[in-house]
file entry.txt (compact mmCIF, C-alpha atoms)
# COMPACT_ATOMS: atom_id res chain seq x y z
CA MET N 263 104.41 49.70 44.43
CA GLY N 264 104.73 45.99 43.49
CA VAL N 265 101.81 43.63 42.78
CA ASP N 266 101.66 40.30 44.57
CA LEU N 267 101.10 37.66 41.88
CA ARG N 268 99.45 35.37 44.39
CA GLN N 269 96.80 38.01 45.14
CA VAL N 270 96.05 38.39 41.43
CA VAL N 271 95.63 34.62 40.94
CA ALA N 272 93.41 34.40 44.03
CA GLY N 273 91.23 37.24 42.72
CA VAL N 274 90.81 35.59 39.31
CA LEU N 275 89.85 32.27 40.91
CA THR N 276 87.31 33.98 43.16
CA LEU N 277 85.70 35.79 40.21
CA THR N 278 85.56 32.53 38.22
CA MET N 279 83.80 30.77 41.08
CA PHE N 280 81.16 33.53 41.26
CA VAL N 281 80.53 33.27 37.48
CA MET N 282 80.16 29.49 37.67
CA LEU N 283 77.79 29.79 40.62
CA GLY N 284 75.67 32.33 38.74
CA ASN N 285 75.38 30.04 35.74
CA MET N 286 74.33 27.13 37.94
CA ILE N 287 71.61 29.23 39.56
CA LYS N 288 70.28 30.39 36.18
CA ARG N 289 70.20 26.82 34.89
CA ASP N 290 68.54 25.20 37.90
CA HIS N 291 66.09 27.89 39.01
CA PHE N 292 62.67 28.00 37.38
CA ASP N 293 59.80 30.40 37.93
CA SER N 294 56.39 28.87 38.55
CA VAL N 295 54.07 28.71 35.57
CA GLU N 296 51.12 31.10 35.74
CA GLY N 297 48.03 31.49 33.62
CA LYS N 298 48.16 28.08 31.95
CA PHE N 299 45.34 26.64 29.89
CA PRO N 300 42.37 25.05 31.65
CA GLY N 301 43.27 21.70 33.18
CA ALA N 302 47.02 22.40 33.09
CA ARG N 303 48.36 22.64 36.63
CA ASP N 304 51.52 24.53 37.52
CA VAL N 305 54.61 22.39 37.11
CA GLU N 306 58.30 22.86 37.88
CA PHE N 307 60.97 21.01 35.93
CA ASP N 308 64.61 20.18 36.41
CA SER N 309 66.24 20.63 33.02
CA GLU N 310 68.82 17.89 33.53
CA LYS N 311 66.21 15.36 34.66
CA VAL N 312 64.00 16.21 31.71
CA SER N 313 66.93 15.70 29.36
CA GLU N 314 67.75 12.31 30.90
CA GLN N 315 64.18 11.17 30.34
CA GLY N 316 64.54 11.93 26.65
CA VAL N 317 61.93 14.69 26.58
CA VAL N 318 64.27 17.40 25.38
CA SER N 319 67.72 17.79 23.90
CA PHE N 320 69.03 21.34 23.60
CA SER N 321 70.96 22.42 20.52
CA LYS N 322 74.70 22.72 21.07
CA ARG N 323 74.74 26.15 19.45
CA SER N 324 71.58 28.08 20.26
CA THR N 325 72.49 31.67 19.55
CA ASN N 326 69.04 33.18 19.02
CA GLY N 327 66.61 31.19 21.14
CA PRO N 328 66.00 28.14 23.30
CA TRP N 329 65.66 25.77 20.35
CA ILE N 330 65.29 22.11 21.23
CA GLU N 331 66.12 19.21 18.95
CA SER N 332 63.22 17.00 17.88
CA GLY N 333 63.08 13.47 19.21
CA GLN N 334 62.73 10.28 17.22
CA GLU N 335 59.49 9.49 15.45
CA LEU N 336 57.57 7.00 17.58
CA LYS N 337 56.34 3.61 16.41
CA PRO N 338 52.68 2.57 16.61
CA CYS N 339 51.82 0.26 19.49
CA TRP N 340 48.84 -1.15 17.58
CA LYS N 341 49.18 -4.05 15.16
CA GLU N 342 46.94 -4.41 12.13
CA SER N 343 47.50 -8.19 12.17
CA THR N 344 45.51 -8.44 15.41
CA PHE N 345 42.29 -7.27 13.74
CA ASP N 346 39.95 -10.09 12.73
CA GLU N 347 38.21 -9.43 9.43
CA VAL N 348 34.44 -9.10 9.79
CA GLU N 349 31.83 -9.53 7.05
CA PRO N 350 29.99 -6.18 7.10
CA LYS N 351 26.21 -5.79 7.19
CA GLY N 352 24.68 -2.36 6.67
CA PHE N 353 26.29 1.04 6.32
CA VAL N 354 27.61 3.90 8.44
CA THR N 355 27.72 7.40 6.93
CA PHE N 356 29.02 10.65 8.40
CA SER N 357 30.47 14.04 7.43
CA LEU N 358 33.69 15.77 8.41
CA THR N 359 32.92 19.23 9.84
CA ASN N 360 34.47 22.26 11.55
CA GLY N 361 38.06 21.79 10.38
CA PRO N 362 40.87 19.22 10.53
CA GLU N 363 41.15 19.24 14.32
CA TYR N 364 37.61 17.82 14.38
CA HIS N 365 38.13 15.57 11.36
CA VAL N 366 40.71 13.49 13.23
CA SER N 367 38.28 12.75 16.06
CA GLN N 368 35.26 12.26 13.79
CA ILE N 369 37.17 9.69 11.73
CA ALA N 370 38.21 7.80 14.87
CA ASP N 371 34.66 7.65 16.25
CA ALA N 372 33.14 6.53 12.94
CA VAL N 373 35.72 3.79 12.42
CA VAL N 374 35.31 2.49 15.98
CA VAL N 375 31.51 2.37 15.62
CA ALA N 376 31.60 0.71 12.18
CA ARG N 377 34.09 -1.88 13.41
CA TYR N 378 32.13 -2.67 16.56
CA ILE N 379 28.73 -3.12 14.90
CA GLY N 380 30.15 -4.76 11.76
CA ALA N 381 29.10 -2.16 9.18
CA THR N 382 30.60 -0.81 5.96
CA LEU N 383 31.95 2.74 6.28
CA VAL N 384 31.02 5.17 3.53
CA LEU N 385 33.70 7.71 2.62
CA PRO N 386 32.64 11.00 4.24
CA ASP N 387 32.16 14.36 2.57
CA ILE N 388 33.63 17.55 4.08
CA ARG N 389 31.32 20.38 5.12
CA GLY N 390 32.27 23.93 6.00
CA ASN N 391 30.57 26.40 8.32
CA LYS N 392 28.44 28.01 5.62
CA PRO N 393 25.36 26.36 4.03
CA GLY N 394 26.28 24.67 0.78
CA ASP N 395 30.01 24.71 1.58
CA GLU N 396 30.75 21.07 0.76
CA ARG N 397 33.79 19.28 -0.61
CA LYS N 398 34.61 15.75 -1.57
CA PHE N 399 36.95 13.83 0.70
CA GLU N 400 39.52 13.46 -2.07
CA GLU N 401 39.80 17.25 -2.52
CA ILE N 402 41.73 17.42 0.75
CA TYR N 403 42.73 13.92 1.84
CA ASP N 404 44.35 10.93 0.16
CA VAL N 405 41.58 8.40 -0.52
CA ASP N 406 43.87 5.47 -1.38
CA LYS N 407 45.83 5.92 1.85
CA PHE N 408 42.62 6.06 3.87
CA VAL N 409 41.10 2.92 2.34
CA LYS N 410 44.32 0.89 2.45
CA SER N 411 45.06 1.83 6.06
CA LEU N 412 41.70 0.36 7.14
CA TYR N 413 41.96 -2.82 5.07
CA GLY N 414 40.99 -5.78 7.24
CA VAL N 415 39.65 -3.47 9.94
CA VAL N 416 36.65 -1.77 8.30
CA LYS N 417 35.41 -2.04 4.75
CA VAL N 418 35.31 1.40 3.11
CA VAL N 419 33.28 2.31 0.03
CA LYS N 420 33.19 5.60 -1.86
CA GLY N 421 29.42 5.75 -2.09
CA LEU N 422 26.17 3.95 -1.35
CA PRO N 423 24.83 1.26 -3.71
CA ASP N 424 21.99 2.35 -5.98
CA ASP N 425 19.45 0.30 -4.02
CA VAL N 426 20.24 2.05 -0.71
CA SER N 427 18.74 5.50 -0.09
CA ILE N 428 20.09 8.03 2.39
CA ARG N 429 16.47 8.51 3.49
CA ASP N 430 16.60 5.04 5.00
CA PHE N 431 19.29 6.03 7.50
CA THR N 432 18.70 6.68 11.20
CA ALA N 433 20.60 9.70 12.57
CA VAL N 434 22.59 8.96 15.73
CA LYS N 435 24.58 11.43 17.83
CA VAL N 436 27.72 10.02 19.43
CA PRO N 437 30.12 11.58 21.95
CA ASN N 438 33.74 12.12 20.98
CA ARG N 439 36.01 9.26 22.12
CA ILE N 440 33.02 6.95 22.19
CA SER N 441 33.25 3.91 24.46
CA ASP N 442 32.41 0.27 23.73
CA ASP N 443 29.73 0.41 26.41
CA HIS N 444 28.02 3.37 24.73
CA ILE N 445 28.04 1.57 21.38
CA ALA N 446 26.64 -1.63 22.89
CA GLU N 447 23.89 0.14 24.83
CA GLN N 448 22.94 3.05 22.57
CA ILE N 449 23.93 2.29 18.98
CA LYS N 450 23.91 -1.46 18.41
CA PRO N 451 20.18 -1.82 19.19
CA ILE N 452 19.39 0.89 16.62
CA PHE N 453 21.63 -0.79 14.05
CA LYS N 454 19.87 -4.13 14.60
CA THR N 455 16.54 -2.48 13.89
CA ASN N 456 17.74 -0.37 10.97
CA SER N 457 21.02 -1.57 9.52
CA ASN N 458 21.93 1.87 8.17
CA ILE N 459 22.91 4.73 10.47
CA ARG N 460 24.28 8.24 10.04
CA LEU N 461 26.64 9.44 12.76
CA ALA N 462 27.14 12.96 14.07
CA THR N 463 29.88 13.40 16.66
CA PHE N 464 29.41 15.95 19.43
CA PHE N 465 32.16 17.14 21.74
CA PRO N 466 31.24 17.28 25.44
CA SER N 467 34.94 17.94 26.07
CA VAL N 468 37.99 18.89 24.01
CA ASN N 469 40.24 17.12 26.49
CA MET N 470 42.55 14.59 24.81
CA ARG N 471 44.27 13.30 27.93
CA LYS N 472 44.77 9.56 28.10
CA THR N 473 42.73 7.52 30.54
CA THR N 474 43.49 4.47 32.65
CA LYS N 475 40.42 2.69 31.33
CA THR N 476 41.12 0.40 28.38
CA SER N 477 38.82 -1.31 25.88
CA ALA N 478 38.95 -3.70 22.96
CA SER N 479 38.50 -0.77 20.56
CA ASP N 480 41.60 1.14 21.68
CA SER N 481 43.81 -0.19 18.88
CA VAL N 482 41.13 0.62 16.31
CA ALA N 483 40.80 4.17 17.66
CA CYS N 484 44.60 4.66 17.58
CA LEU N 485 44.86 3.42 14.00
CA ALA N 486 41.93 5.59 12.88
CA MET N 487 43.18 8.73 14.58
CA PHE N 488 46.87 8.53 13.68
CA GLY N 489 47.19 6.14 10.74
CA THR N 490 44.49 6.99 8.20
CA LEU N 491 44.54 10.66 7.20
CA GLU N 492 47.14 12.10 4.85
CA LEU N 493 46.83 15.14 2.60
CA GLN N 494 46.22 14.60 -1.07
CA PRO N 495 49.35 15.37 -3.16
CA GLU N 496 48.50 18.92 -4.29
CA VAL N 497 47.62 20.15 -0.77
CA ASP N 498 50.65 18.36 0.65
CA GLU N 499 52.85 20.10 -1.91
CA VAL N 500 51.52 23.51 -0.88
CA VAL N 501 52.27 22.81 2.79
CA ASP N 502 55.78 21.59 1.93
CA SER N 503 56.50 24.68 -0.18
CA MET N 504 55.34 27.01 2.60
CA ILE N 505 57.49 25.20 5.16
CA GLU N 506 60.50 25.41 2.85
CA ARG N 507 59.86 29.13 2.35
CA LEU N 508 59.87 29.69 6.12
CA ARG N 509 63.06 27.66 6.51
CA THR N 510 64.72 29.73 3.81
CA LEU N 511 63.76 32.88 5.75
CA SER N 512 65.21 31.36 8.93
CA ARG N 513 68.90 31.09 8.08
CA LYS N 514 69.96 32.85 11.30
CA SER N 515 68.08 30.27 13.37
CA ASN N 516 69.41 27.27 11.46
CA ARG N 517 66.24 27.01 9.31
CA ARG N 518 63.92 26.66 12.31
CA PHE N 519 60.60 28.46 12.84
CA ILE N 520 57.73 28.76 15.32
CA ALA N 521 54.06 28.23 14.44
CA VAL N 522 51.55 30.11 16.59
CA ASP N 523 47.84 29.34 16.52
CA LEU N 524 46.56 32.90 16.85
CA ARG N 525 43.36 34.08 15.18
CA ALA N 526 42.07 37.61 15.70
CA GLU N 527 38.38 36.72 15.33
CA ILE N 528 38.60 34.26 18.24
CA LEU N 529 40.63 36.66 20.38
CA GLY N 530 37.84 39.19 19.96
CA LYS N 531 35.24 36.92 21.53
CA LYS N 532 34.05 37.50 25.07
CA GLY N 533 35.46 34.23 26.42
CA CYS N 534 38.99 35.37 25.67
CA HIS N 535 38.94 38.41 27.96
CA GLY N 536 40.35 38.13 31.48
CA SER N 537 41.07 35.04 33.55
CA SER N 538 38.85 32.52 35.26
CA SER N 539 38.47 32.23 39.03
CA SER N 540 41.29 29.66 39.01
CA GLY N 541 43.62 32.14 37.30
CA THR N 542 43.72 30.27 33.98
CA LYS N 543 43.46 31.88 30.56
CA SER N 544 41.99 30.33 27.45
CA CYS N 545 43.76 32.57 24.94
CA PHE N 546 46.55 35.12 24.57
CA SER N 547 46.80 38.23 22.41
CA ALA N 548 49.52 39.01 19.88
CA GLN N 549 51.20 41.35 22.37
CA GLU N 550 51.12 38.72 25.11
CA ILE N 551 52.60 36.11 22.77
CA ALA N 552 55.38 38.51 21.71
CA ILE N 553 56.32 39.26 25.32
CA PHE N 554 56.15 35.58 26.25
CA LEU N 555 58.49 34.52 23.42
CA ARG N 556 60.99 37.28 24.23
CA LYS N 557 61.03 36.42 27.93
CA ILE N 558 61.80 32.75 27.30
CA GLY N 559 64.70 33.68 25.06
CA TYR N 560 63.71 34.00 21.39
CA ASP N 561 65.35 36.97 19.67
CA LYS N 562 64.16 39.34 16.93
CA ASP N 563 65.49 37.15 14.11
CA THR N 564 63.09 34.32 15.03
CA THR N 565 60.71 33.37 12.20
CA ILE N 566 57.05 33.00 13.18
CA TYR N 567 54.09 31.57 11.24
CA LEU N 568 50.58 32.63 12.30
CA THR N 569 47.32 30.79 11.61
CA GLN N 570 45.53 34.15 11.23
CA PRO N 571 43.83 34.01 7.78
CA ARG N 572 44.81 37.56 6.70
CA TRP N 573 46.99 40.17 8.29
CA ASP N 574 45.20 42.14 11.01
CA GLU N 575 46.42 45.39 12.58
CA SER N 576 46.26 43.74 16.01
CA LEU N 577 49.25 41.66 14.90
CA ASP N 578 51.47 44.70 14.28
CA VAL N 579 52.83 44.63 17.84
CA LEU N 580 54.06 41.07 17.29
CA LYS N 581 55.75 42.01 14.02
CA ASP N 582 57.40 45.02 15.69
CA ILE N 583 59.17 42.67 18.09
CA PHE N 584 59.60 39.78 15.62
CA PRO N 585 59.89 41.29 12.10
CA LYS N 586 59.92 37.83 10.49
CA THR N 587 56.26 37.15 11.28
CA TYR N 588 54.12 35.82 8.44
CA THR N 589 50.63 34.66 7.55
CA LYS N 590 49.94 32.19 4.77
CA GLU N 591 49.15 34.89 2.19
CA SER N 592 52.76 36.14 2.26
CA ILE N 593 54.49 32.75 1.91
CA MET N 594 52.15 30.68 -0.25
CA PRO N 595 53.27 30.16 -3.87
CA ALA N 596 51.61 32.79 -6.06
CA ASP N 597 50.14 30.23 -8.46
CA LYS N 598 48.31 28.48 -5.59
CA LYS N 599 46.64 31.48 -3.98
CA ALA N 600 43.63 31.61 -6.29
CA LYS N 601 42.62 28.08 -5.28
CA PHE N 602 43.69 27.89 -1.65
CA LEU N 603 43.01 31.45 -0.44
CA LYS N 604 39.52 31.94 -1.80
CA SER N 605 37.91 32.93 1.47
CA GLU N 606 38.68 33.21 5.15
CA ASP N 607 36.42 30.22 5.85
CA SER N 608 38.16 27.99 3.34
CA GLU N 609 38.61 24.38 4.46
CA PHE N 610 41.91 24.44 2.59
CA GLU N 611 43.24 27.19 4.85
CA LYS N 612 42.22 25.35 8.02
CA VAL N 613 43.91 22.17 6.84
CA ILE N 614 47.07 24.02 5.84
CA ASP N 615 47.27 25.65 9.28
CA PHE N 616 46.79 22.32 11.05
CA TYR N 617 49.64 20.67 9.17
CA MET N 618 51.92 23.72 9.37
CA CYS N 619 51.53 23.69 13.16
CA SER N 620 52.08 19.93 13.23
CA GLN N 621 55.38 20.18 11.36
CA SER N 622 56.95 23.39 12.73
CA ASP N 623 59.99 23.22 15.00
CA VAL N 624 58.02 24.85 17.84
CA PHE N 625 54.26 25.10 18.32
CA VAL N 626 52.68 27.76 20.55
CA PRO N 627 48.89 27.50 21.03
CA ALA N 628 47.68 31.01 21.80
CA ILE N 629 44.17 29.55 21.91
CA SER N 630 43.10 26.59 24.03
CA GLY N 631 40.92 23.96 22.41
CA LEU N 632 40.78 20.92 20.13
CA PHE N 633 43.16 22.43 17.56
CA TYR N 634 45.87 22.55 20.25
CA ALA N 635 45.01 19.06 21.51
CA ASN N 636 45.02 17.28 18.14
CA VAL N 637 48.07 19.14 16.80
CA ALA N 638 49.81 17.97 19.98
CA GLY N 639 48.85 14.39 19.15
CA LYS N 640 50.38 14.54 15.67
CA ARG N 641 53.53 16.18 17.03
CA ILE N 642 53.97 13.55 19.74
CA ALA N 643 53.77 10.81 17.11
CA SER N 644 56.45 12.48 14.97
CA GLY N 645 58.79 13.33 17.86
CA LYS N 646 58.24 17.11 17.56
CA THR N 647 57.62 17.64 21.25
CA GLN N 648 58.47 21.35 21.63
CA ILE N 649 54.98 22.61 22.41
CA LEU N 650 55.07 25.72 24.58
CA VAL N 651 52.01 26.86 26.52
CA PRO N 652 51.99 30.66 26.93
CA ALA N 653 51.80 32.38 30.30
CA ASP N 654 52.00 35.85 31.78
CA ILE N 655 55.58 35.73 33.13
CA PRO N 656 55.94 38.12 36.07
CA GLY N 657 59.72 38.56 35.85
CA SER N 658 62.01 39.59 33.04
CA SER N 659 62.77 36.04 31.90
CA ALA N 660 61.93 32.37 32.42
CA SER N 661 63.19 28.99 31.32
CA VAL N 662 61.55 27.44 28.29
CA THR N 663 61.22 24.17 30.21
CA ASN N 664 58.74 25.86 32.54
CA HIS N 665 56.30 26.11 29.68
CA PHE N 666 56.20 22.67 28.09
CA SER N 667 52.66 21.53 27.44
CA PRO N 668 51.43 19.07 30.10
CA TYR N 669 50.69 16.77 27.16
CA ILE N 670 54.48 16.55 26.81
CA SER N 671 55.84 17.00 30.33
CA LYS N 672 53.37 14.58 31.89
CA LYS N 673 52.98 12.35 28.83
CA ASN N 674 49.24 12.44 29.45
CA HIS N 675 48.01 12.82 25.86
CA MET N 676 46.12 9.84 24.48
CA ALA N 677 48.79 9.64 21.74
CA HIS N 678 51.14 8.27 24.39
CA SER N 679 48.80 5.27 24.63
CA CYS N 680 49.03 4.72 20.89
CA PHE N 681 52.78 5.06 20.31
CA CYS N 682 55.79 3.36 21.85
call {"tool": "encode", "arguments": {"input": "entry.txt", "output": "structure tokens"}}
result
Amino acid sequence: MGVDLRQVVAGVLTLTMFVMLGNMIKRDHFDSVEGKFPGARDVEFDSEKVSEQGVVSFSKRSTNGPWIESGQELKPCWKESTFDEVEPKGFVTFSLTNGPEYHVSQIADAVVVARYIGATLVLPDIRGNKPGDERKFEEIYDVDKFVKSLYGVVKVVKGLPDDVSIRDFTAVKVPNRISDDHIAEQIKPIFKTNSNIRLATFFPSVNMRKTTKTSASDSVACLAMFGTLELQPEVDEVVDSMIERLRTLSRKSNRRFIAVDLRAEILGKKGCHGSSSSGTKSCFSAQEIAIFLRKIGYDKDTTIYLTQPRWDESLDVLKDIFPKTYTKESIMPADKKAKFLKSEDSEFEKVIDFYMCSQSDVFVPAISGLFYANVAGKRIASGKTQILVPADIPGSSASVTNHFSPYISKKNHMAHSCFC
């Protein structure tokens, strides 16, 4: 029995059309996002439109995950030349507390206040969670960079003059992202009466979304938040060596790795269990993160860095699915562990985690909060916009573009007001 060549060709063409149609459906169809962080509404994206807007650019060869190329590092919108130099009168002191995600905001508030009232800023110390856990600023951050970056904006001194006592200072609590109005009404009158004040920032909200309201201090706040803090050389070297170690372990993914902010002690707290009435979740377990990453397309060869201080058995399920999962103790240079891994509450460890998450190829915040918000700000500035918010995906798979942080997809982080 003979075969009609025309029938064969027609069959091949029909099959090809079905394959092409299937690929189009997979590319253009996106599941709705569920269980996002508080304040993050469900969003649907069109991958081609997102690409045209410059938000993402997919790798040409992505054989083991939905890796996305980083964008260009953004340029500051603020200009130092626009700041008029002011002759300072009096002093402002403060401390950096609770970890680097708070340090960024505390620095910004202190600089804005000192600039507005015309005071000299005293270099802060760094205080941990335990009584007596104090460090000098220069143990973690680069003092010269900090002072030079604020030249002409705020005068910075390393300590108080001998004739000025800390007992003469008035303690003042200020809200994070302090406004000019608050300074004028609540702080300036105190400073006029007693020209020395000590600030303590409190956080009524960890929301870092940009606002439509502008003020004369916006440029100062942007400079202080994004242009003043750099790690001192030894700490910076440790972070660089750990990143290089992870890249060496990531040959199958073209030297790329994911950083996940996941800490067992926080996951064990009551607030992490279940969902709110709106269906949102504030944190995700190791198992939930593993399932999430697999469903959006990352394979078993993906390298993952965790902010968890020491390995915990609750992380085993994540390592079973992604064998290349590491905490800092397994990738830090051996000669640095004695200094930088002294205790689980070490300020060094918190700072290392913050900068590891800021510089990774992908950042996944398993925990909602200020760490997520301020890491997002640093990543936006450097063009590393692949920040993926976890969710409980109902199906077997989902597009990675469904899970971009609203800080990225909506460009609603305050960093977008600071960079062009």
call {"tool": "closest_residue", "arguments": {"input": "entry.txt", "among": "N:Ala370, N:Cys484, N:Ile402, N:Ile566", "to": "Arg517 of chain N", "atoms": "only C-alpha atoms"}}
result
N:Ile566
call {"tool": "atom_distance", "arguments": {"input": "entry.txt", "atom1": "atom CA of Val626 of chain N", "atom2": "atom CA of Phe546 of chain N"}}
result
10.4 Å
call {"tool": "residues_around", "arguments": {"input": "entry.txt", "residues": "Pro571 of chain N", "least_positions_apart": "2", "cutoff": "10 Å", "atoms": "all atoms listed in the file", "output": "PyMOL selection string"}}
result
chain N and resi 524-527+568-569+573-574+589-591+603+605-608+611-612+615
call {"tool": "write_last_selection", "arguments": {"input": "entry.txt", "atoms": "C-alpha atoms", "output": "JSON list (two decimals), in the coordinates of the input"}}
result
[["chain", "number", "residue", "atom", "x", "y", "z"],
["N", 524, "LEU", "CA", 46.56, 32.90, 16.85],
["N", 525, "ARG", "CA", 43.36, 34.08, 15.18],
["N", 526, "ALA", "CA", 42.07, 37.61, 15.70],
["N", 527, "GLU", "CA", 38.38, 36.72, 15.33],
["N", 568, "LEU", "CA", 50.58, 32.63, 12.30],
["N", 569, "THR", "CA", 47.32, 30.79, 11.61],
["N", 573, "TRP", "CA", 46.99, 40.17, 8.29],
["N", 574, "ASP", "CA", 45.20, 42.14, 11.01],
["N", 589, "THR", "CA", 50.63, 34.66, 7.55],
["N", 590, "LYS", "CA", 49.94, 32.19, 4.77],
["N", 591, "GLU", "CA", 49.15, 34.89, 2.19],
["N", 603, "LEU", "CA", 43.01, 31.45, -0.44],
["N", 605, "SER", "CA", 37.91, 32.93, 1.47],
["N", 606, "GLU", "CA", 38.68, 33.21, 5.15],
["N", 607, "ASP", "CA", 36.42, 30.22, 5.85],
["N", 608, "SER", "CA", 38.16, 27.99, 3.34],
["N", 611, "GLU", "CA", 43.24, 27.19, 4.85],
["N", 612, "LYS", "CA", 42.22, 25.35, 8.02],
["N", 615, "ASP", "CA", 47.27, 25.65, 9.28]]
call {"tool": "closest_residue", "arguments": {"input": "entry.txt", "among": "N:Asp523, N:Glu363, N:Asp563, N:Asp578", "to": "Val624 of chain N", "atoms": "all atoms listed in the file"}}
result
N:Asp523
call {"tool": "closest_residue", "arguments": {"input": "entry.txt", "among": "N:Val522, N:Arg460, N:Lys586, N:Pro338", "to": "Tyr634 of chain N", "atoms": "all atoms listed in the file"}}
result
N:Val522
call {"tool": "residues_near_point", "arguments": {"input": "entry.txt", "point": "(47.0, -0.2, 20.5)", "cutoff": "12 Å", "atoms": "all atoms listed in the file", "output": "number ranges by chain"}}
result
N: 337-345, 476-489, 676-682
call {"tool": "atom_distance", "arguments": {"input": "entry.txt", "atom1": "atom CA of Lys475 of chain N", "atom2": "atom CA of Gly631 of chain N"}}
result
23.1 Å
call {"tool": "residues_around", "arguments": {"input": "entry.txt", "residues": "segment 380-382 of chain N", "least_positions_apart": "3", "cutoff": "9 Å", "atoms": "all atoms listed in the file", "output": "PyMOL selection string"}}
result
chain N and resi 348-355+375-377+416-419+457-458
call {"tool": "atom_distance", "arguments": {"input": "entry.txt", "atom1": "atom CA of Phe408 of chain N", "atom2": "atom CA of Leu383 of chain N"}}
result
11.4 Å
call {"tool": "closest_residue", "arguments": {"input": "entry.txt", "among": "N:Met594, N:Leu650, N:Val613, N:Ala600", "to": "Glu506 of chain N", "atoms": "all atoms listed in the file"}}
result
N:Met594
call {"tool": "closest_residue", "arguments": {"input": "entry.txt", "among": "N:Val415, N:Val384, N:Ile528, N:Val637", "to": "Met618 of chain N", "atoms": "all atoms listed in the file"}}
result
N:Val637
call {"tool": "closest_residue", "arguments": {"input": "entry.txt", "among": "N:Ile670, N:Leu336, N:Leu491, N:Ile440", "to": "Phe399 of chain N", "atoms": "all atoms listed in the file"}}
result
N:Leu491
call {"tool": "residues_around", "arguments": {"input": "entry.txt", "residues": "Pro451 of chain N", "least_positions_apart": "6", "cutoff": "12 Å", "atoms": "all atoms listed in the file", "output": "list in words"}}
result
Ile379, Thr432, Val434, His444, Ile445, Ser457, Asn458 and Ile459 of chain N
call {"tool": "residues_around", "arguments": {"input": "entry.txt", "residues": "Gln648 of chain N", "least_positions_apart": "6", "cutoff": "8 Å", "atoms": "all atoms listed in the file", "output": "MDAnalysis selection string"}}
result
chainID N and resid 318 330 332 623:625 666
